[in-house]
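Working notes, beginning with the structure itself.
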Amino acid sequence: MGVSSLSCFLFAFSLFVVVASGFYRNLPILPFDEGYAHLFGNDNLVVHKDGKSVHLSLDERTGSGFVSQDLYLHGFFSASIKLPADYTAGVVVAFYMSNGDIFQKNHDEIDFEFLGNIRGKDWRIQTNIYGNGSTSVGREERYNLWFDPADDFHQYSILWTDSKIIFYVDNVPIREVKRTASMGGDFPSKPMSLYATIWDGSDWATNGGKYRVNYKYAPYVTEFSNFILHGCAVDPIEQTSSKCDATESSKSVPTGISPSQRIKMDNFRRKHMTYSYCYDQIRYKVPPSECVINPLEAERLKVYDPVTFGGGRRHHGKRHHHSRATRSGEANSV
Ligand SMILES: *[C@@H]1O[C@H](CO)[C@@H](O)[C@H](O)[C@H]1NC(C)=O
C-alpha cells in the first residue's frame with residue numbers, strides 16, 4: 001500500500017466513524033485562513049478577529065463569497081451559518097461543492113441553497129446534486145425548518161462518499177442520495193472545492209422572481225463559522241491525494257445512518273419537505289431511476305401542492321388557490 005492509498009484507507013475508515021456516530025464533534029475546526037480563501041466581493045467578506053468566523057454581505061454593489069484552498073474527493077464538510085434576518089426576498093446564500101471552474105462541460109455539484117423570503121415568512125432550504133454535467137436533470141428538494149435560521153447559528157453539513165451523499169442540518173440527516181448503477185455519471189464523482197456565497201437571486205429565488213431583492217434593507221449579512229473540511233485533498237487532474245485529514249479512531253462501527261437517525265430523517269421529511277423532484281409529475285412523467293417513492297412523503301406533498309404532486313386530479317371537490325405548477329428548478333412557494 002502506498003502512502004496515498006494508506007491515507008485514503010484511513011480516511012475512508014474515519015468517514016465510517018463520522019457517519020455511524022452521527023456526530024462530528026471531534027473533528028477539527030479550521031481557522032478561515034487555513035481552509036478557505038477569498039473568492040469575490042472585496043470587503044463584503046470580513047474575517048472576524050478570532051480568525052474562525054467570517055461574514056459575507058450583499059449590497060447594491062456586489063455579493064461576496066469564499067472558496068476552499070483545496071479540492072476534495074469525498075469527505076465531511078460543514079459550517080455553522082446564520083442567515084440575514086427580516087426582509088430577504090430574492091437573496092440567496094449558498095454553501096456547496098463544485099468543480100465547474102475546472103470541468104465546464106461535465107462538472108459535479110452538491111448544493112445547500114438558502115432562499116430568502118418576504119418579511120414574516122421563513123427562509124427555505126434547497127438541496128441538489130449534479131454529476132458529470134447532468135444539468136438537464138435537476139434533483140432538487142426543498143424544505144422549511146423547525147427553527148428560524150436567521151435567529152442563530154446552525155450547522156449545515158455534507159457527507160460525500162463514493163456510494164452516498166447525506167445532507168445534515170445540525171445533527172439531523174435530511175436527505176440521503178444513494179448511488180445507483182442507473183444514475184451512471186450523474187452521481188458526483190470528481191474532486192470538488194467548497195464554496196460559500198451570498199448573491200442576488202431576484203429572478204428566481206422567491207416565488208419564481210415575484211419578490212425581488214430590495215436594497216433598502218441592504219446590506220444583507222450572513223455569518224459563517226465552525227469550518228470543518230474533513231476530506232482527502234487531491235490534485236484534480238492526477239486524482240492523487242496529497243494530504244488527507246484522516247482522524248484515526250479505534251471504534252469499530254457499521255456504515256450508514258443509524259436507525260435512530262433514520263427515524264429523525266423520516267420525521268423531518270414528512271413534516272418539512274415541500275418539494276422533491278421525485279414526486280414532481282409535471283417535470284418527470286416517470287421519476288428518475290434512483291427515486292424511491294415513499295407513500296407518506298407523496299401524501300404530504302400532494303396535500304401541499306396537488307397540481308405538482310397530485311397528477312392533476314383534485315380531490316374532495318376543493319379548490320386549492322395556493323397551489324401552482326412548478327417549473328424546472330424554480331423555488332416558488334413562499
Ligand atoms: C462524463 O462526461 C464525459 C464527457 O461528456 C464522458 O466522456 C464520460 O464518459 C462521462 N463519465 C461518466 C462516468 O458518465
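Ordered as shown in the C-alpha cells, chains take letters A, B, and onward, while each chain numbers its residues from 1 and ligands are numbered from 1 in the order shown.
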
In region 168-287 of chain A, DSSP alpha helix (DSSP H) residues written as an MDAnalysis selection string: chainID A and resid 259:272

Once you have the residues from the selection above, write them out as a PDB file, in the first residue's frame, restricted to N, CA and C atoms.
```pdb
ATOM      1  N   PRO A 259     -30.232   3.640  12.929  1.00  0.00           N
ATOM      2  CA  PRO A 259     -31.702   3.559  12.965  1.00  0.00           C
ATOM      3  C   PRO A 259     -32.339   4.778  13.630  1.00  0.00           C
ATOM      4  N   SER A 260     -31.741   5.278  14.702  1.00  0.00           N
ATOM      5  CA  SER A 260     -32.379   6.425  15.368  1.00  0.00           C
ATOM      6  C   SER A 260     -32.268   7.690  14.517  1.00  0.00           C
ATOM      7  N   GLN A 261     -31.159   7.802  13.795  1.00  0.00           N
ATOM      8  CA  GLN A 261     -31.048   8.948  12.890  1.00  0.00           C
ATOM      9  C   GLN A 261     -32.010   8.834  11.721  1.00  0.00           C
ATOM     10  N   ARG A 262     -32.244   7.609  11.279  1.00  0.00           N
ATOM     11  CA  ARG A 262     -33.173   7.428  10.161  1.00  0.00           C
ATOM     12  C   ARG A 262     -34.589   7.822  10.569  1.00  0.00           C
ATOM     13  N   ILE A 263     -34.937   7.547  11.806  1.00  0.00           N
ATOM     14  CA  ILE A 263     -36.259   7.971  12.282  1.00  0.00           C
ATOM     15  C   ILE A 263     -36.356   9.495  12.273  1.00  0.00           C
ATOM     16  N   LYS A 264     -35.278  10.146  12.721  1.00  0.00           N
ATOM     17  CA  LYS A 264     -35.259  11.615  12.689  1.00  0.00           C
ATOM     18  C   LYS A 264     -35.390  12.129  11.261  1.00  0.00           C
ATOM     19  N   MET A 265     -34.667  11.483  10.340  1.00  0.00           N
ATOM     20  CA  MET A 265     -34.714  11.928   8.952  1.00  0.00           C
ATOM     21  C   MET A 265     -36.128  11.753   8.386  1.00  0.00           C
ATOM     22  N   ASP A 266     -36.707  10.601   8.623  1.00  0.00           N
ATOM     23  CA  ASP A 266     -38.062  10.358   8.107  1.00  0.00           C
ATOM     24  C   ASP A 266     -39.051  11.371   8.673  1.00  0.00           C
ATOM     25  N   ASN A 267     -38.937  11.649   9.961  1.00  0.00           N
ATOM     26  CA  ASN A 267     -39.834  12.635  10.584  1.00  0.00           C
ATOM     27  C   ASN A 267     -39.638  14.010   9.972  1.00  0.00           C
ATOM     28  N   PHE A 268     -38.378  14.388   9.798  1.00  0.00           N
ATOM     29  CA  PHE A 268     -38.099  15.687   9.199  1.00  0.00           C
ATOM     30  C   PHE A 268     -38.748  15.781   7.819  1.00  0.00           C
ATOM     31  N   ARG A 269     -38.556  14.756   7.009  1.00  0.00           N
ATOM     32  CA  ARG A 269     -39.037  14.814   5.625  1.00  0.00           C
ATOM     33  C   ARG A 269     -40.567  14.837   5.566  1.00  0.00           C
ATOM     34  N   ARG A 270     -41.174  14.106   6.470  1.00  0.00           N
ATOM     35  CA  ARG A 270     -42.631  14.092   6.486  1.00  0.00           C
ATOM     36  C   ARG A 270     -43.195  15.450   6.906  1.00  0.00           C
ATOM     37  N   LYS A 271     -42.495  16.116   7.810  1.00  0.00           N
ATOM     38  CA  LYS A 271     -43.011  17.386   8.320  1.00  0.00           C
ATOM     39  C   LYS A 271     -42.587  18.585   7.496  1.00  0.00           C
ATOM     40  N   HIS A 272     -41.366  18.563   6.963  1.00  0.00           N
ATOM     41  CA  HIS A 272     -40.774  19.804   6.467  1.00  0.00           C
ATOM     42  C   HIS A 272     -40.468  19.843   4.982  1.00  0.00           C
TER      43      HIS A 272
END
```

Region 53-231 of chain A: residues DSSP assigns to strand (DSSP E or B), reported as a ChimeraX atom specification: /A:54-58,64-68,71-82,91-98,109-115,124-130,141-143,154-160,164-169,172-178,192-200,220-231

Serialized selection, C-alpha atoms, as a PDB file, in the first residue's frame:
```pdb
ATOM      1  CA  VAL A  54     -16.447  35.475   8.729  1.00  0.00           C
ATOM      2  CA  HIS A  55     -19.330  37.430   7.442  1.00  0.00           C
ATOM      3  CA  LEU A  56     -20.437  37.803   3.853  1.00  0.00           C
ATOM      4  CA  SER A  57     -22.652  40.621   2.717  1.00  0.00           C
ATOM      5  CA  LEU A  58     -24.736  41.589  -0.264  1.00  0.00           C
ATOM      6  CA  SER A  64     -19.435  38.034  -1.839  1.00  0.00           C
ATOM      7  CA  GLY A  65     -18.009  34.586  -1.349  1.00  0.00           C
ATOM      8  CA  PHE A  66     -15.146  32.329  -0.390  1.00  0.00           C
ATOM      9  CA  VAL A  67     -13.719  29.065  -1.681  1.00  0.00           C
ATOM     10  CA  SER A  68     -11.683  26.243  -0.176  1.00  0.00           C
ATOM     11  CA  LEU A  71     -10.168  20.274  -3.940  1.00  0.00           C
ATOM     12  CA  TYR A  72     -11.516  17.229  -2.161  1.00  0.00           C
ATOM     13  CA  LEU A  73     -12.552  13.798  -3.297  1.00  0.00           C
ATOM     14  CA  HIS A  74     -15.104  12.682  -0.684  1.00  0.00           C
ATOM     15  CA  GLY A  75     -15.304  13.783   2.905  1.00  0.00           C
ATOM     16  CA  PHE A  76     -17.339  15.546   5.520  1.00  0.00           C
ATOM     17  CA  PHE A  77     -17.774  19.281   5.093  1.00  0.00           C
ATOM     18  CA  SER A  78     -19.552  21.556   7.477  1.00  0.00           C
ATOM     19  CA  ALA A  79     -20.121  25.141   8.522  1.00  0.00           C
ATOM     20  CA  SER A  80     -22.286  26.913  11.058  1.00  0.00           C
ATOM     21  CA  ILE A  81     -24.334  29.555   9.315  1.00  0.00           C
ATOM     22  CA  LYS A  82     -26.533  32.396  10.483  1.00  0.00           C
ATOM     23  CA  VAL A  91     -31.421  36.821  -1.509  1.00  0.00           C
ATOM     24  CA  VAL A  92     -29.617  33.510  -1.970  1.00  0.00           C
ATOM     25  CA  VAL A  93     -26.982  32.150   0.398  1.00  0.00           C
ATOM     26  CA  ALA A  94     -25.242  29.035  -0.878  1.00  0.00           C
ATOM     27  CA  PHE A  95     -22.911  26.513   0.759  1.00  0.00           C
ATOM     28  CA  TYR A  96     -21.879  23.995  -1.848  1.00  0.00           C
ATOM     29  CA  MET A  97     -19.282  21.901  -3.594  1.00  0.00           C
ATOM     30  CA  SER A  98     -18.473  22.283  -7.267  1.00  0.00           C
ATOM     31  CA  GLU A 109     -22.025  19.797  -7.737  1.00  0.00           C
ATOM     32  CA  ILE A 110     -23.535  19.215  -4.273  1.00  0.00           C
ATOM     33  CA  ASP A 111     -25.642  22.122  -3.014  1.00  0.00           C
ATOM     34  CA  PHE A 112     -27.190  23.672   0.021  1.00  0.00           C
ATOM     35  CA  GLU A 113     -29.055  26.792  -1.110  1.00  0.00           C
ATOM     36  CA  PHE A 114     -30.902  29.100   1.252  1.00  0.00           C
ATOM     37  CA  LEU A 115     -33.684  31.094  -0.330  1.00  0.00           C
ATOM     38  CA  ARG A 124     -36.353  27.814   2.776  1.00  0.00           C
ATOM     39  CA  ILE A 125     -33.525  25.376   2.121  1.00  0.00           C
ATOM     40  CA  GLN A 126     -32.928  23.661  -1.175  1.00  0.00           C
ATOM     41  CA  THR A 127     -30.571  20.735  -1.777  1.00  0.00           C
ATOM     42  CA  ASN A 128     -29.448  19.490  -5.162  1.00  0.00           C
ATOM     43  CA  ILE A 129     -26.764  17.462  -6.911  1.00  0.00           C
ATOM     44  CA  TYR A 130     -25.332  17.299 -10.402  1.00  0.00           C
ATOM     45  CA  GLU A 141     -35.561  19.094  -2.846  1.00  0.00           C
ATOM     46  CA  ARG A 142     -36.860  21.949  -0.712  1.00  0.00           C
ATOM     47  CA  TYR A 143     -37.724  22.180   2.945  1.00  0.00           C
ATOM     48  CA  HIS A 154     -26.950  26.194  12.867  1.00  0.00           C
ATOM     49  CA  GLN A 155     -24.668  23.593  11.414  1.00  0.00           C
ATOM     50  CA  TYR A 156     -25.130  22.516   7.800  1.00  0.00           C
ATOM     51  CA  SER A 157     -23.103  19.548   6.616  1.00  0.00           C
ATOM     52  CA  ILE A 158     -22.437  17.457   3.552  1.00  0.00           C
ATOM     53  CA  LEU A 159     -21.148  13.917   3.764  1.00  0.00           C
ATOM     54  CA  TRP A 160     -19.905  12.642   0.418  1.00  0.00           C
ATOM     55  CA  LYS A 164     -23.789   8.107  -0.923  1.00  0.00           C
ATOM     56  CA  ILE A 165     -24.339  11.773  -0.173  1.00  0.00           C
ATOM     57  CA  ILE A 166     -26.026  12.844   3.054  1.00  0.00           C
ATOM     58  CA  PHE A 167     -27.156  16.373   3.874  1.00  0.00           C
ATOM     59  CA  TYR A 168     -27.422  17.298   7.552  1.00  0.00           C
ATOM     60  CA  VAL A 169     -28.967  20.189   9.432  1.00  0.00           C
ATOM     61  CA  VAL A 172     -30.365  15.554  11.666  1.00  0.00           C
ATOM     62  CA  PRO A 173     -29.822  13.893   8.293  1.00  0.00           C
ATOM     63  CA  ILE A 174     -32.376  15.496   5.986  1.00  0.00           C
ATOM     64  CA  ARG A 175     -31.559  13.783   2.695  1.00  0.00           C
ATOM     65  CA  GLU A 176     -29.657  10.710   1.596  1.00  0.00           C
ATOM     66  CA  VAL A 177     -28.729  10.195  -2.048  1.00  0.00           C
ATOM     67  CA  LYS A 178     -27.608   6.626  -2.624  1.00  0.00           C
ATOM     68  CA  MET A 192     -14.656  19.478  -5.871  1.00  0.00           C
ATOM     69  CA  SER A 193     -13.997  22.687  -3.956  1.00  0.00           C
ATOM     70  CA  LEU A 194     -16.224  24.054  -1.194  1.00  0.00           C
ATOM     71  CA  TYR A 195     -17.892  27.395  -1.767  1.00  0.00           C
ATOM     72  CA  ALA A 196     -19.938  29.831   0.299  1.00  0.00           C
ATOM     73  CA  THR A 197     -21.622  32.779  -1.376  1.00  0.00           C
ATOM     74  CA  ILE A 198     -24.341  35.379  -0.998  1.00  0.00           C
ATOM     75  CA  TRP A 199     -25.873  36.826  -4.153  1.00  0.00           C
ATOM     76  CA  ASP A 200     -28.864  38.485  -5.758  1.00  0.00           C
ATOM     77  CA  TYR A 220     -27.749  41.591   3.836  1.00  0.00           C
ATOM     78  CA  VAL A 221     -25.245  39.941   6.149  1.00  0.00           C
ATOM     79  CA  THR A 222     -24.722  36.211   6.681  1.00  0.00           C
ATOM     80  CA  GLU A 223     -22.215  34.749   9.121  1.00  0.00           C
ATOM     81  CA  PHE A 224     -20.167  31.571   8.820  1.00  0.00           C
ATOM     82  CA  SER A 225     -18.120  29.763  11.476  1.00  0.00           C
ATOM     83  CA  ASN A 226     -17.086  26.291  12.729  1.00  0.00           C
ATOM     84  CA  PHE A 227     -15.443  25.288   9.475  1.00  0.00           C
ATOM     85  CA  ILE A 228     -14.886  21.564   9.063  1.00  0.00           C
ATOM     86  CA  LEU A 229     -13.084  20.330   5.960  1.00  0.00           C
ATOM     87  CA  HIS A 230     -12.560  16.674   6.675  1.00  0.00           C
ATOM     88  CA  GLY A 231     -11.571  15.149   3.370  1.00  0.00           C
TER      89      GLY A 231
END
```

Taking only C-alpha atoms and all ligand atoms into account, list the residues no farther than 12 Å from ligand 1, as a tab-separated table (two decimals) with N, CA and C atoms, in the first residue's frame.
```
chain	number	residue	atom	x	y	z
A	103	PHE	N	-14.15	21.71	-14.81
A	103	PHE	CA	-14.86	20.87	-15.79
A	103	PHE	C	-16.09	21.62	-16.27
A	104	GLN	N	-15.90	22.46	-17.28
A	104	GLN	CA	-17.01	23.32	-17.66
A	104	GLN	C	-18.17	22.57	-18.32
A	105	LYS	N	-17.86	21.50	-19.03
A	105	LYS	CA	-18.92	20.76	-19.73
A	105	LYS	C	-19.47	19.61	-18.91
A	106	ASN	N	-18.69	19.11	-17.98
A	106	ASN	CA	-19.15	17.94	-17.24
A	106	ASN	C	-18.82	18.06	-15.75
A	107	HIS	N	-19.32	19.15	-15.16
A	107	HIS	CA	-18.98	19.41	-13.77
A	107	HIS	C	-19.87	18.61	-12.81
A	108	ASP	N	-19.43	18.57	-11.57
A	108	ASP	CA	-20.20	17.96	-10.48
A	108	ASP	C	-20.55	19.05	-9.47
A	130	TYR	N	-25.56	17.56	-8.98
A	130	TYR	CA	-25.33	17.30	-10.40
A	130	TYR	C	-24.09	16.43	-10.50
A	131	GLY	N	-24.06	15.56	-11.52
A	131	GLY	CA	-22.86	14.77	-11.76
A	131	GLY	C	-22.49	14.79	-13.22
A	132	ASN	N	-21.23	15.07	-13.48
A	132	ASN	CA	-20.71	14.99	-14.85
A	132	ASN	C	-21.54	15.80	-15.85
A	133	GLY	N	-21.98	16.97	-15.42
A	133	GLY	CA	-22.71	17.85	-16.34
A	133	GLY	C	-24.17	17.50	-16.54
A	134	SER	N	-24.78	16.84	-15.55
A	134	SER	CA	-26.18	16.40	-15.69
A	134	SER	C	-27.17	17.53	-15.43
A	135	THR	N	-26.90	18.71	-15.98
A	135	THR	CA	-27.73	19.87	-15.64
A	135	THR	C	-29.13	19.80	-16.23
A	181	ALA	N	-26.59	2.20	-9.90
A	181	ALA	CA	-25.94	1.95	-11.19
A	181	ALA	C	-26.61	2.77	-12.29
A	182	SER	N	-27.93	2.89	-12.19
A	182	SER	CA	-28.65	3.59	-13.27
A	182	SER	C	-28.38	5.09	-13.30
A	183	MET	N	-27.87	5.65	-12.20
A	183	MET	CA	-27.52	7.08	-12.22
A	183	MET	C	-26.32	7.35	-13.13
A	184	GLY	N	-25.51	6.32	-13.36
A	184	GLY	CA	-24.34	6.48	-14.22
A	184	GLY	C	-23.47	7.62	-13.72
A	185	GLY	N	-23.12	8.50	-14.64
A	185	GLY	CA	-22.24	9.62	-14.29
A	185	GLY	C	-22.94	10.72	-13.51
A	186	ASP	N	-24.25	10.61	-13.29
A	186	ASP	CA	-24.98	11.69	-12.62
A	186	ASP	C	-24.64	11.80	-11.13
A	187	PHE	N	-23.96	10.81	-10.58
A	187	PHE	CA	-23.53	10.89	-9.18
A	187	PHE	C	-22.18	11.60	-9.14
A	188	PRO	N	-22.07	12.69	-8.33
A	188	PRO	CA	-20.82	13.46	-8.32
A	188	PRO	C	-19.63	12.57	-7.99
A	189	SER	N	-18.61	12.62	-8.83
A	189	SER	CA	-17.51	11.67	-8.65
A	189	SER	C	-16.12	12.25	-8.90
A	190	LYS	N	-16.04	13.54	-9.20
A	190	LYS	CA	-14.73	14.14	-9.40
A	190	LYS	C	-14.45	15.14	-8.26
```

Selected residue, from A:Pro306, A:Pro84, A:Gly35, A:Gly120, that lies nearest to Asp70 (chain A) when counting only C-alpha atoms: A:Gly35
